[in-house]
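Listing of structure.cif; format and content: mmCIF, C-alpha atoms.
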```
data_run
loop_
_atom_site.label_atom_id
_atom_site.label_comp_id
_atom_site.auth_asym_id
_atom_site.auth_seq_id
_atom_site.Cartn_x
_atom_site.Cartn_y
_atom_site.Cartn_z
CA MET A 1 3.06 -8.86 32.68
CA GLY A 2 6.44 -10.08 31.41
CA TYR A 3 6.44 -12.38 28.40
CA ASP A 4 9.21 -14.74 27.33
CA LEU A 5 9.71 -14.56 23.56
CA HIS A 6 11.38 -17.97 23.50
CA SER A 7 8.25 -19.51 25.04
CA PHE A 8 6.16 -18.01 22.22
CA GLU A 9 8.63 -19.48 19.72
CA LEU A 10 8.31 -22.91 21.33
CA PHE A 11 4.51 -22.61 21.30
CA ARG A 12 4.56 -21.85 17.55
CA SER A 13 6.77 -24.90 16.98
CA VAL A 14 4.45 -27.15 18.98
CA ALA A 15 1.45 -25.86 17.01
CA ALA A 16 3.24 -26.42 13.69
CA ALA A 17 4.54 -29.90 14.59
CA GLY A 18 1.34 -31.07 16.31
CA SER A 19 3.35 -32.57 19.14
CA ILE A 20 5.49 -31.43 22.05
CA ALA A 21 8.06 -34.17 21.41
CA ALA A 22 8.57 -33.15 17.77
CA ALA A 23 8.94 -29.48 18.73
CA ALA A 24 11.43 -30.42 21.47
CA ALA A 25 13.54 -32.41 18.98
CA ARG A 26 13.57 -29.46 16.61
CA HIS A 27 14.93 -27.15 19.31
CA GLY A 28 17.29 -29.70 20.88
CA MET A 29 15.41 -29.68 24.18
CA ALA A 30 13.82 -32.29 26.41
CA ALA A 31 10.08 -32.70 25.88
CA SER A 32 9.53 -32.09 29.59
CA ALA A 33 11.31 -28.73 29.34
CA VAL A 34 9.15 -27.63 26.40
CA SER A 35 6.02 -28.80 28.22
CA LYS A 36 7.07 -26.76 31.27
CA ARG A 37 7.59 -23.66 29.12
CA ILE A 38 4.12 -24.01 27.59
CA SER A 39 2.57 -24.52 31.05
CA ASP A 40 4.32 -21.40 32.33
CA LEU A 41 3.03 -19.46 29.32
CA GLU A 42 -0.51 -20.68 30.00
CA LYS A 43 -0.23 -19.53 33.61
CA ALA A 44 1.08 -16.12 32.55
CA LEU A 45 -1.76 -15.67 30.04
CA GLY A 46 -4.44 -17.20 32.27
CA VAL A 47 -5.76 -19.48 29.53
CA THR A 48 -5.31 -23.06 28.31
CA LEU A 49 -3.49 -23.12 24.98
CA LEU A 50 -3.26 -26.84 24.24
CA ALA A 51 -5.56 -29.81 24.63
CA ARG A 52 -3.16 -32.71 25.22
CA HIS A 53 -4.01 -36.17 23.84
CA ARG A 54 -2.10 -39.42 23.62
CA ARG A 55 -1.61 -38.91 19.90
CA GLY A 56 -0.47 -35.31 20.21
CA ILE A 57 -1.90 -31.87 20.92
CA GLU A 58 -4.73 -29.71 19.63
CA LEU A 59 -4.99 -25.93 19.92
CA THR A 60 -7.81 -24.60 22.06
CA PRO A 61 -9.77 -21.55 20.78
CA ALA A 62 -7.56 -19.39 23.03
CA GLY A 63 -4.50 -21.18 21.63
CA LYS A 64 -5.51 -20.23 18.08
CA VAL A 65 -5.79 -16.57 19.10
CA VAL A 66 -2.37 -16.64 20.77
CA LEU A 67 -0.84 -18.41 17.76
CA LYS A 68 -2.07 -15.66 15.44
CA HIS A 69 -0.51 -12.95 17.59
CA ALA A 70 2.66 -14.95 18.26
CA THR A 71 3.17 -15.31 14.51
CA ALA A 72 2.64 -11.57 13.99
CA LEU A 73 5.06 -10.87 16.84
CA ASP A 74 7.69 -13.07 15.20
CA GLU A 75 7.24 -11.23 11.90
CA ARG A 76 7.59 -7.83 13.61
CA ILE A 77 10.78 -8.92 15.38
CA ALA A 78 12.21 -10.22 12.10
CA ARG A 79 11.35 -6.89 10.46
CA LEU A 80 13.00 -5.05 13.36
CA GLU A 81 16.20 -7.06 12.94
CA THR A 82 16.20 -6.44 9.17
CA GLU A 83 15.71 -2.71 9.56
CA LEU A 84 18.41 -2.47 12.22
CA ARG A 85 20.82 -4.28 9.90
CA ASP A 86 19.84 -1.83 7.15
CA GLU A 87 20.45 1.11 9.46
CA ALA A 88 23.84 -0.25 10.49
CA GLY A 89 24.85 -0.83 6.87
CA ALA A 90 23.81 2.58 5.54
CA ALA A 91 26.07 5.42 6.61
CA GLY A 92 23.46 8.15 6.20
CA GLY A 93 20.41 6.20 7.29
CA VAL A 94 17.61 4.26 5.63
CA ILE A 95 14.20 5.76 4.81
CA ARG A 96 11.25 3.41 4.39
CA MET A 97 8.46 4.87 2.28
CA ALA A 98 5.66 3.95 -0.10
CA ALA A 99 3.62 5.81 -2.69
CA ASN A 100 0.72 5.15 -5.02
CA THR A 101 1.23 4.73 -8.76
CA SER A 102 0.09 8.26 -9.53
CA ALA A 103 2.76 9.85 -7.34
CA ILE A 104 5.49 7.50 -8.58
CA THR A 105 4.56 8.05 -12.23
CA GLN A 106 4.30 11.84 -12.12
CA PHE A 107 6.19 13.50 -9.30
CA LEU A 108 8.45 11.35 -7.15
CA PRO A 109 11.31 10.62 -9.58
CA GLU A 110 12.33 14.28 -9.73
CA ASP A 111 11.78 14.86 -6.00
CA LEU A 112 13.81 11.81 -4.99
CA ALA A 113 16.57 12.72 -7.46
CA GLU A 114 16.81 16.17 -5.88
CA PHE A 115 16.97 14.64 -2.40
CA MET A 116 19.59 12.03 -3.31
CA LEU A 117 21.75 14.66 -5.01
CA ALA A 118 21.90 16.56 -1.71
CA ASN A 119 22.08 13.40 0.44
CA PRO A 120 24.00 10.75 -1.53
CA GLU A 121 24.86 8.78 1.61
CA MET A 122 21.21 7.97 2.37
CA THR A 123 19.21 4.94 1.17
CA ILE A 124 15.51 4.97 0.27
CA ARG A 125 13.50 1.76 0.48
CA MET A 126 10.56 2.53 -1.83
CA ALA A 127 7.43 0.41 -2.29
CA GLU A 128 4.58 0.97 -4.75
CA MET A 129 1.22 0.28 -3.08
CA GLU A 130 -2.46 1.09 -3.29
CA SER A 131 -3.49 4.07 -1.15
CA VAL A 132 -5.35 1.86 1.38
CA GLU A 133 -2.26 -0.34 1.78
CA ILE A 134 -0.09 2.74 2.29
CA ILE A 135 -2.24 3.98 5.16
CA ASP A 136 -2.11 0.55 6.82
CA ALA A 137 1.67 0.44 6.44
CA VAL A 138 2.12 3.89 8.00
CA ARG A 139 -0.17 2.99 10.89
CA SER A 140 1.71 -0.25 11.57
CA GLY A 141 5.12 1.41 11.40
CA ALA A 142 6.22 -0.67 8.41
CA ILE A 143 7.00 2.58 6.56
CA GLU A 144 7.79 6.08 7.81
CA ILE A 145 6.38 8.15 4.94
CA GLY A 146 3.44 7.36 2.67
CA ILE A 147 2.14 9.31 -0.32
CA PHE A 148 -1.47 8.51 -1.17
CA SER A 149 -4.73 9.78 -2.64
CA GLY A 150 -6.47 12.29 -0.37
CA LEU A 151 -9.73 10.47 -1.10
CA THR A 152 -8.60 7.63 1.17
CA GLU A 153 -9.59 7.66 4.87
CA ALA A 154 -6.52 8.19 7.07
CA ARG A 155 -7.76 8.96 10.59
CA GLY A 156 -5.17 9.03 13.34
CA LEU A 157 -2.24 10.01 11.11
CA GLU A 158 -0.53 13.34 10.53
CA LEU A 159 -1.31 14.49 6.97
CA LEU A 160 0.56 17.03 4.87
CA PRO A 161 -0.07 18.34 1.33
CA TYR A 162 2.09 16.96 -1.49
CA ARG A 163 0.79 17.59 -5.03
CA ARG A 164 -2.40 18.10 -7.01
CA ASP A 165 -3.34 15.36 -9.44
CA THR A 166 -5.34 16.30 -12.58
CA LEU A 167 -7.36 13.59 -14.32
CA VAL A 168 -7.91 13.45 -18.08
CA VAL A 169 -9.63 11.17 -20.58
CA CYS A 170 -7.27 8.93 -22.52
CA ALA A 171 -8.75 7.74 -25.83
CA PRO A 172 -7.46 5.95 -28.93
CA ARG A 173 -6.43 8.28 -31.73
CA GLY A 174 -9.32 8.82 -34.13
CA HIS A 175 -11.97 8.11 -31.46
CA PRO A 176 -15.09 10.35 -31.80
CA LEU A 177 -14.30 11.96 -28.42
CA ALA A 178 -10.80 12.95 -29.57
CA ALA A 179 -12.16 15.97 -31.45
CA ARG A 180 -13.48 17.60 -28.26
CA ARG A 181 -11.52 20.40 -26.58
CA VAL A 182 -12.87 19.45 -23.14
CA ILE A 183 -15.15 16.73 -21.85
CA ARG A 184 -17.58 16.11 -18.99
CA LEU A 185 -18.40 12.86 -17.26
CA ARG A 186 -21.89 12.77 -18.79
CA ASP A 187 -20.28 12.69 -22.23
CA LEU A 188 -18.84 9.27 -21.33
CA ASP A 189 -22.18 7.63 -20.52
CA GLY A 190 -22.27 4.22 -22.20
CA GLU A 191 -18.68 4.38 -23.46
CA LYS A 192 -16.59 1.25 -23.11
CA PHE A 193 -13.94 1.77 -20.41
CA VAL A 194 -10.52 0.37 -19.68
CA ALA A 195 -10.54 0.53 -15.89
CA LEU A 196 -8.06 0.12 -13.09
CA GLN A 197 -8.73 -2.71 -10.67
CA ARG A 198 -11.31 -1.94 -8.00
CA ARG A 199 -8.81 -1.56 -5.16
CA SER A 200 -7.51 1.57 -6.90
CA SER A 201 -8.62 4.78 -5.15
CA LEU A 202 -8.68 6.51 -8.57
CA GLN A 203 -11.11 3.98 -10.05
CA ALA A 204 -13.28 4.07 -6.92
CA HIS A 205 -13.41 7.87 -7.24
CA VAL A 206 -14.47 7.72 -10.91
CA ASP A 207 -17.10 5.05 -10.21
CA ARG A 208 -18.51 7.06 -7.30
CA CYS A 209 -18.73 10.30 -9.31
CA ALA A 210 -20.40 8.48 -12.21
CA ALA A 211 -22.96 6.82 -9.93
CA GLU A 212 -23.87 10.18 -8.36
CA ILE A 213 -25.03 11.57 -11.71
CA GLY A 214 -26.40 8.32 -13.17
CA VAL A 215 -23.61 7.71 -15.69
CA THR A 216 -22.98 4.08 -16.63
CA ILE A 217 -19.37 2.91 -16.66
CA ARG A 218 -19.23 -0.02 -19.10
CA THR A 219 -15.98 -1.73 -18.12
CA ALA A 220 -14.55 -3.73 -21.01
CA VAL A 221 -11.37 -4.78 -19.21
CA GLU A 222 -9.68 -4.17 -15.85
CA VAL A 223 -5.92 -3.97 -15.44
CA LYS A 224 -3.59 -3.17 -12.58
CA SER A 225 -1.18 -0.54 -13.92
CA PHE A 226 -1.28 2.75 -15.82
CA ASP A 227 0.94 1.19 -18.47
CA GLY A 228 -1.56 -1.64 -18.90
CA VAL A 229 -4.42 0.83 -19.23
CA ARG A 230 -2.61 2.81 -21.93
CA ARG A 231 -1.80 -0.32 -23.92
CA MET A 232 -5.43 -1.46 -23.80
CA VAL A 233 -6.60 1.98 -24.95
CA GLN A 234 -4.09 1.90 -27.81
CA ALA A 235 -5.62 -1.46 -28.79
CA ARG A 236 -8.99 0.37 -29.00
CA LEU A 237 -10.61 -1.63 -26.20
CA GLY A 238 -12.10 1.51 -24.71
CA VAL A 239 -11.36 4.90 -23.17
CA ALA A 240 -9.85 5.51 -19.74
CA ILE A 241 -9.52 8.16 -17.06
CA LEU A 242 -5.93 8.61 -15.90
CA PRO A 243 -3.73 11.30 -14.32
CA PHE A 244 -2.37 13.91 -16.73
CA GLY A 245 1.24 12.85 -16.14
CA ALA A 246 0.45 9.21 -16.89
CA VAL A 247 -0.81 10.13 -20.38
CA GLU A 248 0.96 13.30 -21.55
CA ALA A 249 4.45 11.78 -21.53
CA HIS A 250 3.28 8.94 -23.82
CA LEU A 251 1.43 10.88 -26.53
CA ARG A 252 4.50 10.87 -28.77
CA GLU A 253 4.35 7.07 -28.93
CA GLY A 254 1.27 7.36 -31.12
CA GLY A 255 -2.13 5.78 -30.90
CA LEU A 256 -3.32 7.93 -27.98
CA THR A 257 -5.04 11.25 -27.50
CA MET A 258 -5.79 13.18 -24.31
CA ILE A 259 -8.91 15.26 -23.54
CA PRO A 260 -9.11 17.58 -20.49
CA ILE A 261 -12.03 17.05 -18.09
CA ASP A 262 -13.88 20.29 -17.29
CA GLU A 263 -15.27 19.35 -13.86
CA PRO A 264 -14.06 19.85 -10.24
CA TRP A 265 -13.98 16.10 -9.45
CA ALA A 266 -11.10 15.70 -11.94
CA THR A 267 -8.69 17.34 -9.48
CA ARG A 268 -7.41 15.17 -6.61
CA GLU A 269 -5.07 15.97 -3.76
CA LEU A 270 -2.08 13.73 -3.12
CA LEU A 271 -1.12 13.78 0.55
CA ILE A 272 1.82 12.73 2.69
CA ALA A 273 1.02 10.57 5.72
CA VAL A 274 3.27 10.04 8.75
CA ARG A 275 2.50 8.76 12.22
CA SER A 276 4.14 11.83 13.75
CA ARG A 277 6.65 14.29 12.35
CA ASP A 278 8.32 14.47 15.76
CA ALA A 279 8.95 10.70 15.73
CA LEU A 280 10.60 10.58 12.27
CA THR A 281 14.25 9.64 11.96
CA PRO A 282 16.57 12.50 10.92
CA ALA A 283 16.86 10.95 7.44
CA ALA A 284 13.07 10.75 7.02
CA SER A 285 12.65 14.31 8.30
CA ALA A 286 15.13 15.52 5.67
CA LEU A 287 13.22 13.73 2.91
CA LEU A 288 9.91 15.13 4.18
CA ALA A 289 11.33 18.65 3.92
CA THR A 290 12.25 18.01 0.26
CA LEU A 291 8.84 16.56 -0.56
CA GLN A 292 7.06 19.53 0.97
CA GLY A 293 9.38 22.00 -0.69
#
```
Encoded form using structure tokens:
Amino acid sequence: MGYDLHSFELFRSVAAAGSIAAAAARHGMAASAVSKRISDLEKALGVTLLARHRRGIELTPAGKVVLKHATALDERIARLETELRDEAGAAGGVIRMAANTSAITQFLPEDLAEFMLANPEMTIRMAEMESVEIIDAVRSGAIEIGIFSGLTEARGLELLPYRRDTLVVCAPRGHPLAARRVIRLRDLDGEKFVALQRRSSLQAHVDRCAAEIGVTIRTAVEVKSFDGVRRMVQARLGVAILPFGAVEAHLREGGLTMIPIDEPWATRELLIAVRSRDALTPAASALLATLQG
């Protein structure tokens, strides 16, 4: 079935304006021509999209469904045009990728610096997202490469190993736990926590492990970023569980101490997700080789 994108555009305008005449004026067309386009679209789809009244139009239930998809289609076409302009403007190609905070904080700066040194003509469009958002973006084609927590479900994608992420306890200096050489999750039962927001795969992992052994996580405050967590810990609002690289580099600033966790759950895998290695652009394939190396 062949669809006319301009007819979808006119349908969106009619829905937004609430009238065929107003939409026609916006597009510099006769109202009869717009009405004919909408009728042709209804015939092609086999449904009625508009209930026509003397005072205007109203979307039918089928019309609301089509409007949702027509809007998404418009957004995808706009994204296509933007990416094509990017490709045309970058001599070596543009790579669209995203990574979670853990990967960006600990590993990616050095890896991307190595890649850009060897490929200075290329451009990387990087986004920082939660792991669940990264998987959705890879599936939709919004990004080519995603780096995420291996604890996140990612069926239907091609997954490759990236790095291993070691979790530690971050506590204020002078805290009773700071004297320990290692710590276990049971030792944190009843402690006040500075936690990451619940969409974080790391926080979900900690909460799940604690619940399995009956440990109570007493969340004093939730924040979005590793930097926010560290600042709250420095202010003695509680202890936190963070990746090693998110704590170790900041110990010199004072006010923090780091205690290793002596349990298997404190090691997480960071993975690379792509829709298909064979479908990657040459630029993205080159970056993937660096990340795996």
Any chance you could resolve the PyMOL selection byres ((chain A and resi 165) around 9) against this file and give the residues as a short mmCIF file (atom, residue, chain, number, x, y, z; two decimals) with C-alpha atoms, keeping the file's coordinate frame?
```cif
data_model
loop_
_atom_site.label_atom_id
_atom_site.label_comp_id
_atom_site.auth_asym_id
_atom_site.auth_seq_id
_atom_site.Cartn_x
_atom_site.Cartn_y
_atom_site.Cartn_z
CA SER A 102 0.09 8.26 -9.53
CA ALA A 103 2.76 9.85 -7.34
CA GLN A 106 4.30 11.84 -12.12
CA SER A 149 -4.73 9.78 -2.64
CA ARG A 163 0.79 17.59 -5.03
CA ARG A 164 -2.40 18.10 -7.01
CA THR A 166 -5.34 16.30 -12.58
CA LEU A 167 -7.36 13.59 -14.32
CA PRO A 243 -3.73 11.30 -14.32
CA PHE A 244 -2.37 13.91 -16.73
CA GLY A 245 1.24 12.85 -16.14
CA ALA A 266 -11.10 15.70 -11.94
CA THR A 267 -8.69 17.34 -9.48
CA ARG A 268 -7.41 15.17 -6.61
CA GLU A 269 -5.07 15.97 -3.76
CA LEU A 270 -2.08 13.73 -3.12
#
```
(message) Residue by residue, what does the PyMOL selection byres ((chain A and resi 134) around 10) grab here? Present the result as a list in words.
(response) Met97, Ala98, Ala99, Asn100, Ala127, Glu128, Met129, Glu130, Ser131, Val132, Glu133, Ile135, Asp136, Ala137, Val138, Arg139, Ser140, Ala142, Ile143, Ile145, Gly146, Ile147, Phe148, Ser149, Thr152, Ala154 and Ala273 of chain A
Based on the selection just made, write C-alpha atoms of those residues as a PDB file, in the frame of the given file.
```pdb
ATOM      1  CA  MET A  97       8.460   4.870   2.280  1.00  0.00           C
ATOM      2  CA  ALA A  98       5.660   3.950  -0.100  1.00  0.00           C
ATOM      3  CA  ALA A  99       3.620   5.810  -2.690  1.00  0.00           C
ATOM      4  CA  ASN A 100       0.720   5.150  -5.020  1.00  0.00           C
ATOM      5  CA  ALA A 127       7.430   0.410  -2.290  1.00  0.00           C
ATOM      6  CA  GLU A 128       4.580   0.970  -4.750  1.00  0.00           C
ATOM      7  CA  MET A 129       1.220   0.280  -3.080  1.00  0.00           C
ATOM      8  CA  GLU A 130      -2.460   1.090  -3.290  1.00  0.00           C
ATOM      9  CA  SER A 131      -3.490   4.070  -1.150  1.00  0.00           C
ATOM     10  CA  VAL A 132      -5.350   1.860   1.380  1.00  0.00           C
ATOM     11  CA  GLU A 133      -2.260  -0.340   1.780  1.00  0.00           C
ATOM     12  CA  ILE A 135      -2.240   3.980   5.160  1.00  0.00           C
ATOM     13  CA  ASP A 136      -2.110   0.550   6.820  1.00  0.00           C
ATOM     14  CA  ALA A 137       1.670   0.440   6.440  1.00  0.00           C
ATOM     15  CA  VAL A 138       2.120   3.890   8.000  1.00  0.00           C
ATOM     16  CA  ARG A 139      -0.170   2.990  10.890  1.00  0.00           C
ATOM     17  CA  SER A 140       1.710  -0.250  11.570  1.00  0.00           C
ATOM     18  CA  ALA A 142       6.220  -0.670   8.410  1.00  0.00           C
ATOM     19  CA  ILE A 143       7.000   2.580   6.560  1.00  0.00           C
ATOM     20  CA  ILE A 145       6.380   8.150   4.940  1.00  0.00           C
ATOM     21  CA  GLY A 146       3.440   7.360   2.670  1.00  0.00           C
ATOM     22  CA  ILE A 147       2.140   9.310  -0.320  1.00  0.00           C
ATOM     23  CA  PHE A 148      -1.470   8.510  -1.170  1.00  0.00           C
ATOM     24  CA  SER A 149      -4.730   9.780  -2.640  1.00  0.00           C
ATOM     25  CA  THR A 152      -8.600   7.630   1.170  1.00  0.00           C
ATOM     26  CA  ALA A 154      -6.520   8.190   7.070  1.00  0.00           C
ATOM     27  CA  ALA A 273       1.020  10.570   5.720  1.00  0.00           C
TER      28      ALA A 273
END
```
(message) Please expand the PyMOL selection byres ((chain A and resi 276-279) around 12) into the concrete residues it hits in this file, giving the result as a VMD selection string.
(response) chain A and resid 138 to 139 141 144 to 146 156 to 160 272 to 275 280 to 289
(request) Calculate how many Å separate atom CA of Cys170 of chain A from atom CA of Gly150 of chain A, rounding to one decimal. (result)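 For atom CA of Cys170 of chain A relative to atom CA of Gly150 of chain A, the distance reads 22.4 Å.
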(request) Give me, please, the distance in Å between atom CA of Arg180 of chain A and atom CA of Glu263 of chain A, quoted to one decimal. (result)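 Value for the atom CA of Arg180 of chain A-atom CA of Glu263 of chain A distance: 14.6 Å.
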(message) At a cut-off of 12 Å, using only C-alpha atoms, what residues contact Ala70 of chain A? Leave out same-chain residues fewer than 3 positions from it and give the result as a list in words.
(response)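 Once the nearby chain positions are removed, what remains is Tyr3, Asp4, Leu5, His6, Ser7, Phe8, Glu9, Leu10, Phe11, Arg12, Ser13, Ala15, Leu41, Gly63, Lys64, Val65, Val66, Leu67, Leu73, Asp74, Glu75, Arg76 and Ile77 of chain A.
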(request) Could you jot down the atom CA of Ala220 of chain A to atom CA of Asp262 of chain A separation for me, Å, one decimal place? (result) 24.3 Å
(request) Quick one: everything within 12 Å of Leu112 of chain A, counting all atoms listed in the file, minus sequence neighbours fewer than 2 positions away in the same chain. Send it as number ranges by chain. (result) A: 95, 97, 103-104, 106-110, 114-120, 122-126, 286-293
(request) Measuring atom to atom with only C-alpha atoms, identify which of A:Arg236, A:Arg155, A:His27, A:His205 is nearest to Glu191 of chain A. (result) A:Arg236
(message) List as a PyMOL selection string the residues having at least one atom at most 10 Å from position (-14.1, 17.2, -22.4) as given in the file, counting only C-alpha atoms.
(response) chain A and resi 168-169+177-188+258-263
(request) Give the answer as one residue: which of A:Ala210, A:Val34, A:Ala195, A:Ala17 has the shortest atom-to-atom distance to Val223 of chain A, using only C-alpha atoms? (result)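 When distances to Val223 of chain A are compared using only C-alpha atoms, the smallest one comes from A:Ala195.
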(request) Point out the residue among A:Thr60, A:Thr48, A:Thr101, A:Ser32 with the least atom-to-atom distance to Asp227 of chain A, counting all atoms listed in the file. (result)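 Closest residue, counting all atoms listed in the file: A:Thr101.
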(message) If we count all atoms listed in the file and set the cut-off at 12 Å, which residues sit around Leu256 of chain A, ignoring sequence neighbours fewer than 5 positions away in its own chain? Please answer as a list in words.
(response) Val169, Cys170, Ala171, Pro172, Arg173, Gly174, His175, Leu177, Ala178, Val229, Arg230, Arg231, Met232, Val233, Gln234, Ala235, Arg236, Gly238, Val239, Ala240, Ala246, Val247, Glu248, Ala249, His250 and Leu251 of chain A
Take the residues from that selection and write them out as a CSV table (one decimal), keeping the file's coordinate frame, keeping C-alpha atoms.
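Result saved to selection.csv:
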```
chain,number,residue,atom,x,y,z
A,169,VAL,CA,-9.6,11.2,-20.6
A,170,CYS,CA,-7.3,8.9,-22.5
A,171,ALA,CA,-8.8,7.7,-25.8
A,172,PRO,CA,-7.5,6.0,-28.9
A,173,ARG,CA,-6.4,8.3,-31.7
A,174,GLY,CA,-9.3,8.8,-34.1
A,175,HIS,CA,-12.0,8.1,-31.5
A,177,LEU,CA,-14.3,12.0,-28.4
A,178,ALA,CA,-10.8,13.0,-29.6
A,229,VAL,CA,-4.4,0.8,-19.2
A,230,ARG,CA,-2.6,2.8,-21.9
A,231,ARG,CA,-1.8,-0.3,-23.9
A,232,MET,CA,-5.4,-1.5,-23.8
A,233,VAL,CA,-6.6,2.0,-25.0
A,234,GLN,CA,-4.1,1.9,-27.8
A,235,ALA,CA,-5.6,-1.5,-28.8
A,236,ARG,CA,-9.0,0.4,-29.0
A,238,GLY,CA,-12.1,1.5,-24.7
A,239,VAL,CA,-11.4,4.9,-23.2
A,240,ALA,CA,-9.8,5.5,-19.7
A,246,ALA,CA,0.4,9.2,-16.9
A,247,VAL,CA,-0.8,10.1,-20.4
A,248,GLU,CA,1.0,13.3,-21.6
A,249,ALA,CA,4.4,11.8,-21.5
A,250,HIS,CA,3.3,8.9,-23.8
A,251,LEU,CA,1.4,10.9,-26.5
```
(request) Measuring atom to atom with only C-alpha atoms, identify which of A:Ile213, A:Val14, A:Leu242, A:Thr219 is nearest to Arg37 of chain A. (result) A:Val14
(request) Rank nothing, just name the residue among A:Thr216, A:Asp207, A:Glu222, A:Val47 nearest to Pro61 of chain A, using all atoms listed in the file. (result)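 Between A:Thr216, A:Asp207, A:Glu222, A:Val47, the residue approaching Pro61 of chain A most closely is A:Val47.
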